[in-house]
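**Student:** What follows is the file query-v9.cif, containing mmCIF, C-alpha atoms and all ligand atoms:
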data_work
loop_
_atom_site.group_PDB
_atom_site.id
_atom_site.type_symbol
_atom_site.label_atom_id
_atom_site.label_comp_id
_atom_site.auth_asym_id
_atom_site.auth_seq_id
_atom_site.Cartn_x
_atom_site.Cartn_y
_atom_site.Cartn_z
ATOM 1 C CA MET A 1 0.000 0.000 0.000
ATOM 2 C CA LYS A 2 1.354 3.415 -0.978
ATOM 3 C CA VAL A 3 0.965 6.690 0.906
ATOM 4 C CA ALA A 4 0.847 9.856 -1.214
ATOM 5 C CA VAL A 5 0.890 13.420 0.070
ATOM 6 C CA LYS A 6 0.852 15.240 -3.270
ATOM 7 C CA ILE A 7 -2.100 15.720 -5.616
ATOM 8 C CA ASP A 8 0.101 14.945 -8.656
ATOM 9 C CA GLU A 9 1.122 11.554 -7.246
ATOM 10 C CA ILE A 10 -2.519 10.524 -6.903
ATOM 11 C CA ARG A 11 -3.431 11.718 -10.367
ATOM 12 C CA GLN A 12 -0.492 9.836 -11.876
ATOM 13 C CA GLN A 13 -1.327 6.582 -10.064
ATOM 14 C CA VAL A 14 -5.036 6.719 -10.878
ATOM 15 C CA ARG A 15 -4.242 7.495 -14.525
ATOM 16 C CA GLU A 16 -2.087 4.347 -14.681
ATOM 17 C CA TRP A 17 -4.853 2.246 -13.113
ATOM 18 C CA LYS A 18 -7.448 3.600 -15.507
ATOM 19 C CA GLN A 19 -5.176 2.907 -18.498
ATOM 20 C CA GLN A 20 -5.137 -0.714 -17.315
ATOM 21 C CA GLY A 21 -8.945 -0.680 -17.289
ATOM 22 C CA LEU A 22 -9.194 -0.885 -13.480
ATOM 23 C CA THR A 23 -12.032 0.688 -11.457
ATOM 24 C CA VAL A 24 -11.241 2.989 -8.542
ATOM 25 C CA GLY A 25 -13.109 3.447 -5.246
ATOM 26 C CA LEU A 26 -12.626 6.458 -2.958
ATOM 27 C CA VAL A 27 -13.245 6.425 0.794
ATOM 28 C CA PRO A 28 -12.991 10.035 2.060
ATOM 29 C CA THR A 29 -12.173 10.293 5.791
ATOM 30 C CA MET A 30 -10.818 12.757 8.321
ATOM 31 C CA GLY A 31 -8.672 10.063 9.981
ATOM 32 C CA TYR A 32 -8.772 8.432 13.418
ATOM 33 C CA LEU A 33 -10.326 5.516 11.628
ATOM 34 C CA HIS A 34 -12.671 3.068 13.358
ATOM 35 C CA GLU A 35 -14.755 0.083 12.275
ATOM 36 C CA GLY A 36 -17.304 2.386 10.637
ATOM 37 C CA HIS A 37 -14.598 3.611 8.238
ATOM 38 C CA GLY A 38 -13.396 0.002 8.033
ATOM 39 C CA SER A 39 -16.781 -1.062 6.658
ATOM 40 C CA LEU A 40 -16.507 1.612 3.908
ATOM 41 C CA ILE A 41 -13.006 0.453 2.964
ATOM 42 C CA LYS A 42 -14.158 -3.191 2.879
ATOM 43 C CA LYS A 43 -17.076 -2.277 0.639
ATOM 44 C CA SER A 44 -14.798 -0.378 -1.743
ATOM 45 C CA VAL A 45 -12.301 -3.258 -1.865
ATOM 46 C CA GLU A 46 -15.219 -5.586 -2.608
ATOM 47 C CA LEU A 47 -16.729 -3.443 -5.381
ATOM 48 C CA CYS A 48 -13.682 -1.787 -6.991
ATOM 49 C CA ASP A 49 -10.342 -3.019 -8.362
ATOM 50 C CA LYS A 50 -8.392 -0.322 -6.496
ATOM 51 C CA THR A 51 -9.227 1.586 -3.323
ATOM 52 C CA VAL A 52 -7.982 5.043 -2.341
ATOM 53 C CA VAL A 53 -8.566 6.211 1.256
ATOM 54 C CA SER A 54 -8.141 9.941 1.847
ATOM 55 C CA VAL A 55 -7.134 10.995 5.364
ATOM 56 C CA PHE A 56 -7.524 14.755 5.587
ATOM 57 C CA LEU A 57 -8.763 16.739 8.566
ATOM 58 C CA ASN A 58 -10.601 19.365 6.571
ATOM 59 C CA PRO A 59 -10.492 22.798 8.249
ATOM 60 C CA THR A 60 -13.178 24.366 6.048
ATOM 61 C CA GLN A 61 -15.963 22.227 7.516
ATOM 62 C CA PHE A 62 -15.314 23.319 11.120
ATOM 63 C CA GLY A 63 -16.866 26.486 12.564
ATOM 64 C CA PRO A 64 -14.758 28.890 14.676
ATOM 65 C CA ASN A 65 -15.853 27.375 18.004
ATOM 66 C CA GLU A 66 -15.750 23.754 16.933
ATOM 67 C CA ASP A 67 -13.284 20.962 17.663
ATOM 68 C CA LEU A 68 -10.787 21.233 14.771
ATOM 69 C CA ASP A 69 -7.794 21.654 17.110
ATOM 70 C CA SER A 70 -8.781 18.857 19.477
ATOM 71 C CA TYR A 71 -10.023 16.448 16.794
ATOM 72 C CA PRO A 72 -8.228 13.102 17.415
ATOM 73 C CA ARG A 73 -5.443 12.013 15.046
ATOM 74 C CA ASP A 74 -3.408 8.802 14.728
ATOM 75 C CA PHE A 75 -2.060 8.429 11.216
ATOM 76 C CA GLU A 76 0.119 5.390 12.027
ATOM 77 C CA SER A 77 -2.870 3.371 13.186
ATOM 78 C CA ASP A 78 -4.982 4.708 10.251
ATOM 79 C CA LYS A 79 -2.349 3.392 7.837
ATOM 80 C CA GLU A 80 -2.313 -0.013 9.530
ATOM 81 C CA LEU A 81 -6.088 -0.331 9.290
ATOM 82 C CA CYS A 82 -6.121 0.693 5.616
ATOM 83 C CA GLN A 83 -3.372 -1.798 4.817
ATOM 84 C CA SER A 84 -5.012 -4.646 6.761
ATOM 85 C CA LEU A 85 -8.286 -4.116 4.870
ATOM 86 C CA GLY A 86 -6.662 -4.137 1.441
ATOM 87 C CA ALA A 87 -6.620 -0.441 0.500
ATOM 88 C CA ASP A 88 -4.135 0.329 -2.297
ATOM 89 C CA LEU A 89 -3.356 3.971 -1.685
ATOM 90 C CA VAL A 90 -3.738 6.432 1.185
ATOM 91 C CA PHE A 91 -3.927 10.114 0.278
ATOM 92 C CA HIS A 92 -2.732 12.222 3.213
ATOM 93 C CA PRO A 93 -2.251 15.786 1.969
ATOM 94 C CA SER A 94 -1.335 18.832 4.050
ATOM 95 C CA VAL A 95 -3.755 21.753 4.344
ATOM 96 C CA GLU A 96 -1.401 23.772 2.071
ATOM 97 C CA GLU A 97 -1.476 21.046 -0.580
ATOM 98 C CA MET A 98 -5.273 21.019 -0.570
ATOM 99 C CA TYR A 99 -6.028 24.709 -0.265
ATOM 100 C CA GLY A 100 -2.839 26.614 -1.080
ATOM 101 C CA GLU A 101 -2.591 30.059 0.464
ATOM 102 C CA ASP A 102 -5.313 31.786 -1.450
ATOM 103 C CA ALA A 103 -8.105 29.266 -2.093
ATOM 104 C CA SER A 104 -11.332 31.232 -2.385
ATOM 105 C CA THR A 105 -13.696 28.976 -4.329
ATOM 106 C CA TYR A 106 -16.397 26.982 -2.550
ATOM 107 C CA VAL A 107 -18.933 24.406 -3.652
ATOM 108 C CA GLU A 108 -22.206 25.089 -1.887
ATOM 109 C CA ILE A 109 -25.778 23.909 -2.167
ATOM 110 C CA VAL A 110 -27.878 27.045 -1.866
ATOM 111 C CA SER A 111 -31.288 25.457 -1.161
ATOM 112 C CA GLU A 112 -32.784 24.908 2.306
ATOM 113 C CA MET A 113 -31.238 21.433 2.422
ATOM 114 C CA PRO A 114 -27.931 22.246 4.157
ATOM 115 C CA LYS A 115 -29.717 24.617 6.569
ATOM 116 C CA GLN A 116 -31.768 21.780 8.110
ATOM 117 C CA LEU A 117 -30.752 19.481 10.993
ATOM 118 C CA CYS A 118 -26.986 19.881 11.616
ATOM 119 C CA GLY A 119 -26.913 22.992 9.406
ATOM 120 C CA LYS A 120 -28.852 24.954 12.053
ATOM 121 C CA THR A 121 -25.962 24.860 14.534
ATOM 122 C CA ARG A 122 -23.190 24.313 11.955
ATOM 123 C CA PRO A 123 -23.930 26.943 9.267
ATOM 124 C CA ILE A 124 -20.709 26.563 7.213
ATOM 125 C CA HIS A 125 -20.232 22.842 7.737
ATOM 126 C CA PHE A 126 -21.781 21.469 4.550
ATOM 127 C CA ARG A 127 -20.165 24.114 2.362
ATOM 128 C CA GLY A 128 -16.803 22.844 3.671
ATOM 129 C CA VAL A 129 -17.820 19.210 3.143
ATOM 130 C CA CYS A 130 -19.043 19.827 -0.437
ATOM 131 C CA THR A 131 -15.907 21.816 -1.277
ATOM 132 C CA VAL A 132 -13.452 19.210 -0.001
ATOM 133 C CA VAL A 133 -15.390 16.231 -1.376
ATOM 134 C CA SER A 134 -15.648 17.851 -4.779
ATOM 135 C CA LYS A 135 -11.886 18.561 -4.697
ATOM 136 C CA LEU A 136 -11.249 14.915 -3.756
ATOM 137 C CA PHE A 137 -13.498 13.803 -6.627
ATOM 138 C CA ASN A 138 -11.492 15.997 -9.027
ATOM 139 C CA ILE A 139 -8.147 14.770 -7.669
ATOM 140 C CA VAL A 140 -8.908 11.042 -7.454
ATOM 141 C CA ASN A 141 -11.442 10.743 -10.276
ATOM 142 C CA PRO A 142 -13.032 7.637 -8.723
ATOM 143 C CA ASP A 143 -15.751 5.426 -10.220
ATOM 144 C CA LYS A 144 -17.450 5.022 -6.843
ATOM 145 C CA ALA A 145 -17.214 6.873 -3.515
ATOM 146 C CA PHE A 146 -18.250 5.467 -0.144
ATOM 147 C CA PHE A 147 -19.929 7.350 2.734
ATOM 148 C CA GLY A 148 -21.503 6.267 6.028
ATOM 149 C CA GLU A 149 -25.226 6.480 6.701
ATOM 150 C CA LYS A 150 -24.503 7.800 10.199
ATOM 151 C CA ASP A 151 -23.859 11.178 8.562
ATOM 152 C CA ALA A 152 -27.187 10.912 6.779
ATOM 153 C CA GLN A 153 -27.518 14.602 5.938
ATOM 154 C CA GLN A 154 -23.971 14.652 4.551
ATOM 155 C CA LEU A 155 -24.770 11.607 2.401
ATOM 156 C CA ALA A 156 -27.972 13.198 1.044
ATOM 157 C CA ILE A 157 -26.117 16.455 0.344
ATOM 158 C CA ILE A 158 -23.307 14.674 -1.502
ATOM 159 C CA ARG A 159 -25.835 12.742 -3.602
ATOM 160 C CA LYS A 160 -27.466 16.074 -4.466
ATOM 161 C CA MET A 161 -24.130 17.723 -5.301
ATOM 162 C CA VAL A 162 -23.237 14.778 -7.561
ATOM 163 C CA ARG A 163 -26.568 15.127 -9.402
ATOM 164 C CA ASP A 164 -26.373 18.914 -9.674
ATOM 165 C CA MET A 165 -22.729 18.986 -10.811
ATOM 166 C CA SER A 166 -23.030 15.929 -13.100
ATOM 167 C CA TYR A 167 -20.187 14.024 -11.472
ATOM 168 C CA GLY A 168 -20.020 10.598 -13.108
ATOM 169 C CA ILE A 169 -19.428 8.961 -9.734
ATOM 170 C CA GLU A 170 -21.646 6.396 -8.010
ATOM 171 C CA ILE A 171 -22.227 7.247 -4.361
ATOM 172 C CA VAL A 172 -22.474 4.169 -2.145
ATOM 173 C CA GLY A 173 -24.034 4.605 1.318
ATOM 174 C CA CYS A 174 -22.994 2.080 3.974
ATOM 175 C CA PRO A 175 -24.968 1.163 7.137
ATOM 176 C CA ILE A 176 -24.156 2.552 10.595
ATOM 177 C CA VAL A 177 -21.671 0.423 12.542
ATOM 178 C CA ARG A 178 -22.371 0.239 16.288
ATOM 179 C CA GLU A 179 -20.480 -0.725 19.440
ATOM 180 C CA ALA A 180 -21.777 -3.902 21.129
ATOM 181 C CA ASP A 181 -23.981 -1.782 23.423
ATOM 182 C CA GLY A 182 -25.499 0.204 20.537
ATOM 183 C CA LEU A 183 -23.502 3.461 20.421
ATOM 184 C CA ALA A 184 -22.842 4.427 16.787
ATOM 185 C CA LYS A 185 -19.092 4.353 16.056
ATOM 186 C CA SER A 186 -17.608 7.835 15.751
ATOM 187 C CA SER A 187 -14.132 9.340 16.068
ATOM 188 C CA ARG A 188 -15.701 11.787 18.543
ATOM 189 C CA ASN A 189 -16.661 8.957 20.963
ATOM 190 C CA THR A 190 -13.095 9.226 22.210
ATOM 191 C CA TYR A 191 -14.004 12.557 23.884
ATOM 192 C CA LEU A 192 -16.445 10.808 26.258
ATOM 193 C CA ASN A 193 -15.397 10.058 29.835
ATOM 194 C CA GLU A 194 -16.730 6.947 31.588
ATOM 195 C CA GLU A 195 -19.886 8.600 32.859
ATOM 196 C CA GLU A 196 -20.596 10.277 29.503
ATOM 197 C CA ARG A 197 -19.968 7.021 27.653
ATOM 198 C CA LYS A 198 -22.816 5.443 29.663
ATOM 199 C CA ALA A 199 -25.027 8.478 29.105
ATOM 200 C CA SER A 200 -24.360 8.353 25.334
ATOM 201 C CA LEU A 201 -26.474 5.208 25.087
ATOM 202 C CA CYS A 202 -29.582 7.383 25.185
ATOM 203 C CA LEU A 203 -29.059 8.085 21.460
ATOM 204 C CA SER A 204 -29.149 4.475 20.282
ATOM 205 C CA ARG A 205 -31.943 3.715 22.768
ATOM 206 C CA ALA A 206 -33.985 6.544 21.274
ATOM 207 C CA VAL A 207 -33.304 5.167 17.775
ATOM 208 C CA LYS A 208 -34.475 1.724 18.932
ATOM 209 C CA LEU A 209 -37.609 3.178 20.536
ATOM 210 C CA GLY A 210 -38.456 5.248 17.459
ATOM 211 C CA ARG A 211 -37.888 2.336 15.124
ATOM 212 C CA GLU A 212 -40.082 0.053 17.261
ATOM 213 C CA MET A 213 -42.908 2.607 17.286
ATOM 214 C CA VAL A 214 -42.727 2.853 13.485
ATOM 215 C CA GLU A 215 -42.650 -0.939 13.137
ATOM 216 C CA LYS A 216 -45.806 -1.138 15.275
ATOM 217 C CA GLY A 217 -47.510 1.179 12.783
ATOM 218 C CA GLU A 218 -47.109 4.670 14.316
ATOM 219 C CA GLU A 219 -47.092 7.211 11.489
ATOM 220 C CA SER A 220 -47.060 10.476 13.402
ATOM 221 C CA ALA A 221 -43.620 12.120 13.288
ATOM 222 C CA GLU A 222 -44.650 14.294 16.228
ATOM 223 C CA LYS A 223 -45.548 11.325 18.451
ATOM 224 C CA VAL A 224 -42.428 9.345 17.631
ATOM 225 C CA THR A 225 -39.964 12.237 17.989
ATOM 226 C CA SER A 226 -41.663 13.352 21.269
ATOM 227 C CA GLU A 227 -41.219 9.886 22.775
ATOM 228 C CA MET A 228 -37.609 9.813 21.608
ATOM 229 C CA LYS A 229 -37.000 13.254 23.138
ATOM 230 C CA ASN A 230 -38.617 12.145 26.431
ATOM 231 C CA LEU A 231 -36.253 9.188 26.597
ATOM 232 C CA ILE A 232 -33.188 11.372 25.933
ATOM 233 C CA ASN A 233 -34.311 14.070 28.374
ATOM 234 C CA LYS A 234 -34.311 11.503 31.207
ATOM 235 C CA GLU A 235 -30.520 11.420 30.880
ATOM 236 C CA PRO A 236 -29.110 14.333 32.933
ATOM 237 C CA LEU A 237 -25.876 14.611 30.899
ATOM 238 C CA ALA A 238 -27.752 14.839 27.586
ATOM 239 C CA ARG A 239 -28.853 18.068 25.867
ATOM 240 C CA ILE A 240 -30.857 17.733 22.676
ATOM 241 C CA ASP A 241 -29.828 19.776 19.645
ATOM 242 C CA TYR A 242 -32.558 18.232 17.457
ATOM 243 C CA VAL A 243 -34.643 15.097 17.018
ATOM 244 C CA GLN A 244 -36.468 15.440 13.732
ATOM 245 C CA ALA A 245 -38.208 13.553 10.942
ATOM 246 C CA VAL A 246 -37.302 14.744 7.449
ATOM 247 C CA ASP A 247 -37.679 13.626 3.863
ATOM 248 C CA GLY A 248 -34.686 11.355 3.165
ATOM 249 C CA VAL A 249 -33.826 13.149 -0.098
ATOM 250 C CA THR A 250 -34.636 16.832 0.499
ATOM 251 C CA MET A 251 -34.012 16.884 4.278
ATOM 252 C CA LEU A 252 -37.149 19.030 4.720
ATOM 253 C CA PRO A 253 -39.370 18.327 7.762
ATOM 254 C CA VAL A 254 -42.291 15.908 7.361
ATOM 255 C CA ASP A 255 -45.328 15.107 9.522
ATOM 256 C CA THR A 256 -45.921 11.523 8.411
ATOM 257 C CA LEU A 257 -43.518 8.643 8.809
ATOM 258 C CA LYS A 258 -43.527 6.698 5.588
ATOM 259 C CA LYS A 259 -40.917 4.904 3.473
ATOM 260 C CA GLY A 260 -37.894 7.100 2.744
ATOM 261 C CA VAL A 261 -38.275 9.329 5.808
ATOM 262 C CA LEU A 262 -35.168 9.893 7.924
ATOM 263 C CA VAL A 263 -35.497 10.309 11.686
ATOM 264 C CA ALA A 264 -32.277 12.024 12.764
ATOM 265 C CA MET A 265 -30.880 13.445 15.979
ATOM 266 C CA ALA A 266 -27.957 15.392 17.370
ATOM 267 C CA VAL A 267 -27.443 15.334 21.135
ATOM 268 C CA TYR A 268 -24.744 16.885 23.302
ATOM 269 C CA ILE A 269 -23.374 14.533 25.932
ATOM 270 C CA GLY A 270 -21.441 16.945 28.100
ATOM 271 C CA ASN A 271 -19.512 18.966 25.501
ATOM 272 C CA THR A 272 -19.504 16.235 22.868
ATOM 273 C CA ARG A 273 -22.031 16.460 20.074
ATOM 274 C CA LEU A 274 -23.134 13.036 18.814
ATOM 275 C CA ILE A 275 -25.475 12.108 15.970
ATOM 276 C CA ASP A 276 -27.551 9.030 15.159
ATOM 277 C CA ASN A 277 -30.539 8.190 12.961
ATOM 278 C CA PHE A 278 -32.756 5.590 11.359
ATOM 279 C CA SER A 279 -34.634 5.436 8.072
ATOM 280 C CA VAL A 280 -38.233 4.325 7.711
ATOM 281 C CA LYS A 281 -38.091 1.230 5.517
ATOM 282 C CA GLU A 282 -41.721 0.326 4.754
HETATM 283 O O1 LIG A 301 -17.495 12.316 7.009
HETATM 284 C C1 LIG A 301 -16.348 12.805 7.084
HETATM 285 O O2 LIG A 301 -15.444 12.273 7.751
HETATM 286 C C2 LIG A 301 -16.046 14.112 6.374
HETATM 287 O O3 LIG A 301 -17.109 14.985 6.451
HETATM 288 C C3 LIG A 301 -15.583 13.920 4.924
HETATM 289 C C4 LIG A 301 -16.688 13.334 4.051
HETATM 290 C C5 LIG A 301 -14.356 13.031 4.889
HETATM 291 C C6 LIG A 301 -15.204 15.280 4.316
HETATM 292 O O4 LIG A 301 -14.150 15.882 5.018
#
Can the structure in the file be given as structure tokens, please?
**Tutor:**
Amino acid sequence: MKVAVKIDEIRQQVREWKQQGLTVGLVPTMGYLHEGHGSLIKKSVELCDKTVVSVFLNPTQFGPNEDLDSYPRDFESDKELCQSLGADLVFHPSVEEMYGEDASTYVEIVSEMPKQLCGKTRPIHFRGVCTVVSKLFNIVNPDKAFFGEKDAQQLAIIRKMVRDMSYGIEIVGCPIVREADGLAKSSRNTYLNEEERKASLCLSRAVKLGREMVEKGEESAEKVTSEMKNLINKEPLARIDYVQAVDGVTMLPVDTLKKGVLVAMAVYIGNTRLIDNFSVKE
């Protein structure tokens, strides 16, 4: 497995692969890889001839008071995981390599979509995500790109960007990977102390409760999200940012829970903001 830090190296390698008729999968990450990322890499290795994993902590998707500086990093262990899962190339550029000194072009969806859910408290987040993902698409030129369903709004936004900008790239969403006790895997789980780790289970419990209500036939978004909020509010360390039902494509709020609706939440456990969700299947 190779590690490349320069854009030109990636372009050169991918060009060679494409000349040989090989397909290329891209797994974009911000590092500190866990089994959730592992599942994306495995899927890419399964579906594509060659897999590129990008490890880039992207400053443009963090607001001024967010956790860019404290975000966990461990590139040695990231490399080991990528290698053990059969990735072919890790792209680990510096901020200067990606943005230069004077980058001033952004890719931004200007509808209501990025203003919903996480966009309410993170107003510049999805502009940063779309900009860096579109740069990675231009650099790597993959056939397929792999994203986790835990970041459901991000996934919907990237699908929309790909449609709007006519990228010839297939976006593959991969299911949430959970710890044995239910907590969705996230690099940010490392911020939780012992007490907070226990408290964090209120998110996956709320997902389970909501899903069970839907499976029993409840169609009212209001009833289901209220019960989920009640469950979370019983946890003293938890503070709800949002628990909301939205259309799975547009991210706009809905009243009725039917197939394709996303029920998503963001909850602070102490100072750590965690997200989780489920989709209505039937
Ligand atoms: O999901 C993430 O880790 C990031 O938002 C992504 C897609 C790698 C862009 O920086």
**Student:** Enumerate, as a VMD selection string, the residues matched when the PyMOL selection byres (((not hetatm)) within 8 of (chain A and resi 301)) is run on the file above.
**Tutor:** chain A and resid 27 to 31 54 to 58 61 128 to 130 132 to 133 147 to 148 151 154
**Student:** Which protein, DNA or RNA residues are at most 6 Å from (-20.5, 4.3, -5.4) in the file's coordinates when you count only C-alpha atoms, listed as a PyMOL selection string?
**Tutor:** chain A and resi 144-146+170-172
**Student:** Running the PyMOL selection byres (((chain A and resi 198-212) around 6) and not hetatm) on this model by hand, what would come out? Give it as JSON, numbers by chain.
**Tutor:** {"A": [182, 183, 195, 196, 197, 213, 214, 215, 224, 228, 232]}
**Student:** Which distance in Å separates atom CA of Phe75 of chain A and atom CA of Thr60 of chain A, to one decimal?
**Tutor:**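 Distance reported for this atom pair: 20.1 Å.
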**Student:** Of the candidates A:Gly173, A:Pro93, A:Gly38, A:Pro59, which one gets nearest to Asp8 of chain A if we count only C-alpha atoms?
**Tutor:**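 The shortest atom-to-atom distance to Asp8 of chain A comes from A:Pro93.
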**Student:** Using all atoms listed in the file, find each residue in segment 94-143 of chain A having at least one atom no more than 12 Å away from segment 261-267 of chain A; report its shortest atom-to-atom pair and that distance in Å (one decimal), rows by chain then rising number, as CSV.
**Tutor:**
residue,atom,partner,partner_atom,distance
A:Gln116,CA,A:Ala264,CA,10.8
A:Leu117,CA,A:Ala264,CA,7.8
A:Cys118,CA,A:Ala266,CA,7.4
A:Gly119,CA,A:Ala266,CA,11.1
A:Lys120,CA,A:Ala266,CA,11.0
A:Thr121,CA,A:Ala266,CA,10.1
A:Arg122,CA,A:Ala266,CA,11.5
**Student:** Give as an MDAnalysis selection string every residue, naming chains and numbers as the document does, that has an atom within 6 Å of (-3.8, 7.1, -3.1), counting only C-alpha atoms.
**Tutor:** chainID A and resid 4 10 52 89:91
**Student:** Name the closest residue to Ile139 of chain A among the candidates A:Asp69, A:Asp181, A:Glu97, A:Glu46; distances are taken between atoms, counting only C-alpha atoms.
**Tutor:** A:Glu97
**Student:** For the structure provided, state which residues fall under the PyMOL selection byres (((chain A and resi 269) around 7) and not hetatm), and present them as a list in words.
**Tutor:**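 After applying the PyMOL selection byres (((chain A and resi 269) around 7) and not hetatm), what remains is Glu196, Ser200, Leu237, Ala238, Arg239, Val267, Tyr268, Gly270, Asn271, Thr272 and Arg273 of chain A.
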**Student:** Keeping only C-alpha atoms, take the residues you just selected and write them out as a PDB file, keeping the file's coordinate frame.
**Tutor:**
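In the end it all went to out00.pdb:
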ATOM      1  CA  GLU A 196     -20.596  10.277  29.503  1.00  0.00           C
ATOM      2  CA  SER A 200     -24.360   8.353  25.334  1.00  0.00           C
ATOM      3  CA  LEU A 237     -25.876  14.611  30.899  1.00  0.00           C
ATOM      4  CA  ALA A 238     -27.752  14.839  27.586  1.00  0.00           C
ATOM      5  CA  ARG A 239     -28.853  18.068  25.867  1.00  0.00           C
ATOM      6  CA  VAL A 267     -27.443  15.334  21.135  1.00  0.00           C
ATOM      7  CA  TYR A 268     -24.744  16.885  23.302  1.00  0.00           C
ATOM      8  CA  GLY A 270     -21.441  16.945  28.100  1.00  0.00           C
ATOM      9  CA  ASN A 271     -19.512  18.966  25.501  1.00  0.00           C
ATOM     10  CA  THR A 272     -19.504  16.235  22.868  1.00  0.00           C
ATOM     11  CA  ARG A 273     -22.031  16.460  20.074  1.00  0.00           C
TER      12      ARG A 273
END
**Student:** Here is a test: counting all atoms listed in the file, which residue of A:Ile157, A:Ala221, A:Leu47, A:Leu274 is nearest to Leu192 of chain A?
**Tutor:**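 Of all the options, A:Leu274 lies closest to Leu192 of chain A.
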**Student:** Grab all the atoms of segment 59-78 of chain A that the file lists, wrap them in a box along x, y and z, add 3 Å per side, and give me centre plus edge lengths in Å (one decimal) as lines of an AutoDock Vina configuration file.
**Tutor:**
center_x = -8.4
center_y = 16.1
center_z = 12.8
size_x = 23.0
size_y = 31.5
size_z = 19.4
**Student:** State, in Å with one decimal place, the distance from atom CA of Asp78 of chain A to atom CA of Lys150 of chain A.
**Tutor:**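 Separating atom CA of Asp78 of chain A from atom CA of Lys150 of chain A is a distance of 19.8 Å.
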**Student:** For Leu257 of chain A, work out the shell of residues within 10 Å, counting all atoms listed in the file and skipping chain neighbours fewer than 3 positions away, then give it as a VMD selection string.
**Tutor:** chain A and resid 214 217 to 222 224 245 to 247 254 260 to 263 279 to 282
**Student:** What's around Ser84 of chain A at 12 Å? Count only C-alpha atoms, leave out sequence neighbours fewer than 5 positions away in its own chain, and write the answer as an mmCIF file with C-alpha atoms, keeping the file's coordinate frame.
**Tutor:**
data_model
loop_
_atom_site.group_PDB
_atom_site.id
_atom_site.type_symbol
_atom_site.label_atom_id
_atom_site.label_comp_id
_atom_site.auth_asym_id
_atom_site.auth_seq_id
_atom_site.Cartn_x
_atom_site.Cartn_y
_atom_site.Cartn_z
ATOM 1 C CA MET A 1 0.000 0.000 0.000
ATOM 2 C CA GLY A 38 -13.396 0.002 8.033
ATOM 3 C CA ILE A 41 -13.006 0.453 2.964
ATOM 4 C CA LYS A 42 -14.158 -3.191 2.879
ATOM 5 C CA VAL A 45 -12.301 -3.258 -1.865
ATOM 6 C CA SER A 77 -2.870 3.371 13.186
ATOM 7 C CA ASP A 78 -4.982 4.708 10.251
ATOM 8 C CA LYS A 79 -2.349 3.392 7.837
#
